[in-house]
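Below is one structure, written out as structure tokens; the observations come after it.
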Amino acid sequence: MAVTAVIGSQWGDEAKGKVVDLLSENAQLVARFNGGDNAGHTVVNKYGTIKVRLTPNGFSNPSSKCVIGPGVVVNLNTLIEEINTIQELGINLDQRLWISPRCHIVMTYHPILEEIFEEAKGVSKIGTTKRGMGPVYADKVSYNGIRLADLSDENVFSEKLRVQLKLKNKIFSSFGREPLDFDTVFAEKIKQYEEIKPFVLESYGLIQEMIANDEDILLEGAQGTLLDNNWGTYPFCTASTTFVGGAAEGLGIAPRQIDKVISVAKAYTTRVGAGPMPTELFNDMGKVLLKEGNEFGTVTGRARRCGWFDADLVRFTSQINGATEIALTKLDVLDTLPEVKICIGYHFPHTDNRLWHYWEGDAIWLEKCEPVYLTMPGWMQSTRSIREFSKLPDRAKEYIYKIEELLQVPITIVSVGPDRMETIFRK
């Protein structure tokens with residue numbers, strides 16, 4: 001395995017959690033490099049169904065270390081709940097979980113600020129998770145952030161917190177919100193820090209030593225590439241870098257040290273929140289995908305918007321991430337459909353009939369685009385019990401072959417159910 005990165009190739013919710021959990025059986029280290037607790041990952045294995053937002057999905061392997069790198073922003077309340085939940089399952093995290101002291105903290109005021117910003121935008125709101133991601137990353141880049149390292153010194157933390165509350169409470173006052181009390185916030189964060197203090201360790205040396213020893217490392221990306229702040233559908237995006245390149249600054253790994261990039265793609269397309277989605281279905285077929293795929297957000301519980309597979313989008317994200325292989329998930333959700341469609345590009349109104357591509361415009365432009373489809377017959381039989389690629393229905397294989405041809409990247413993993421075992425490894 002060496003160093004393998006697992007990233008999402010759509011708008012998130014591609015079942016990266018399952019893929020990382022599956023591959024973690026052979027990993028000595030699993031590391032998160034971006035995002036925060038706005039990214040929910042669900043795994044189904046011998047311990048049951050486990051939903052996590054911050055803890056790397058290598059926790060089920062007792063011989064694997066789990067690292068939360070400095071590119072991740074940490075909600076201490078969420079992290080403490082996860083640690084307790086995992087350890088109550090009989091999984092020991094002592095000397096296994098490493099959290100970088102460079103991680104920025106989601107403070108009490110960050111979700112409130114995000115809520116204020118969303119309300120102020122009215123109909124133009126972007127549909128955030130209201131976990132405070134935008135404000136915490138904004139504080140990070142504007143030198144107003146508070147890191148785990150700051151909580152280790154109460155004098156340092158006190159000084160920084162007083163400055164931030166002076167700034168934030170003025171904003172709250174102008175929007176009719178109650179100001180936050182210094183003593184309450186200070187006591188809460190110090191108490192939370194004491195609970196996770198044994199896990200606060202810088203992982204850079206550990207990771208570099210493991211790379212030098214050619215040990216197997218798995219890098220776990222959060223959200224999807226199309227939510228990236230630069231190349232995603234801005235402003236309908238997230239605050240962190242969702243590309244595989246984010247692992248370089250988010251963990252301290254040189255790009256050339258990453259050997260494989262597994263791009264995870266759902267066999268259809270989903271999206272949560274606002275923003276363009278060319279293949280979105282507003283008819284009964286969309287409802288079928290929603291129901292059969294159980295498409296409700298891990299973090300928010302919101303129903304996901306559903307549509308056909310968009311090969312133009314995934315080809316772009318595969319190229320820009322340098323994907324070496326594709327993990328195609330939730331193929332089984334399409335089992336009952338009489339026909340399936342694949343988007344190969346777009347027509348833009350009032351222009352010539354040439355095929356346009358995602359990277360040629362912005363979110364407003366994409367909203368106006370009309371998808372161009374290939375239509376293929378469905379296979380109309382269950383794939384849930386199949387574990388060998390050769391035993392898939394011929395039409396299901398043809399669907400996979402066509403996606404592979406359009407993406408120009410081999411599909412090596414096919415998921416046919418949420419459980420770890422409901423997976424086909426393709427030689």
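If you're wondering about the labels, chains in the structure tokens are A, B, ... by order shown, residues count from 1 in each chain, ligands from 1 in order shown.
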
**Study point:** Shell around segment 19-23 of chain A at 8 Å using only C-alpha atoms, local window under 3 positions removed, as a ChimeraX atom specification
**Key:** /A:6,15-16,26-27,43,57-58,60,218,220,264,327,420

Exercise for review: Per DSSP on the backbone, filter segment 115-258 of chain A down to the residues in helix (DSSP H, G or I) and report them as a PyMOL selection string.
Suggested key: chain A and resi 115-124+133-141+148-151+154-174+182-199+204-212+225-227+246-252+255-257

Review point. Using only C-alpha atoms, which of the listed residues (A:Pro198, A:Gly221, A:Gly69, A:Pro371) sits closest to Thr241 of chain A?
Key: A:Gly221

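Closest approach to Asn77 of chain A among A:Trp98, A:Tyr193, A:Tyr399, A:Phe199 is made by A:Tyr193 (distances from only C-alpha atoms).
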
Check your understanding: Looking at A:Gly224, A:Phe348, A:Leu148, A:Gly176, which one is nearest to Ile364 of chain A, with distances taken over only C-alpha atoms?
Key -> A:Phe348

Review point. Quick one: residues within 10 Å of Tyr47 of chain A, only C-alpha atoms counted, chain neighbours fewer than 6 positions away excluded, as a PyMOL selection string?
Key: chain A and resi 60+86+89-91

Requested write-out: C-alpha atoms of the selected residues, as a PDB file, in the first residue's frame:
```pdb
ATOM      1  CA  SER A  60     -11.144  -0.531  13.975  1.00  0.00           C
ATOM      2  CA  ILE A  86     -15.275   4.233  20.100  1.00  0.00           C
ATOM      3  CA  LEU A  89     -17.118  -0.447  21.818  1.00  0.00           C
ATOM      4  CA  GLY A  90     -13.983  -2.015  23.308  1.00  0.00           C
ATOM      5  CA  ILE A  91     -11.590  -0.277  20.893  1.00  0.00           C
TER       6      ILE A  91
END
```

Can you write out as a Markdown table which residues of segment 188-307 of chain A fall within 10 Å of segment 338-342 of chain A, alongside each residue's closest atom pair and its distance in Å to one decimal, counting only C-alpha atoms and ordering rows by chain and ascending residue number?
```
| residue | atom | partner | partner_atom | distance |
| --- | --- | --- | --- | --- |
| A:Ala267 | CA | A:Ile342 | CA | 9.6 |
| A:Tyr268 | CA | A:Ile342 | CA | 8.4 |
| A:Thr279 | CA | A:Ile342 | CA | 8.9 |
| A:Gly307 | CA | A:Lys341 | CA | 9.4 |
```
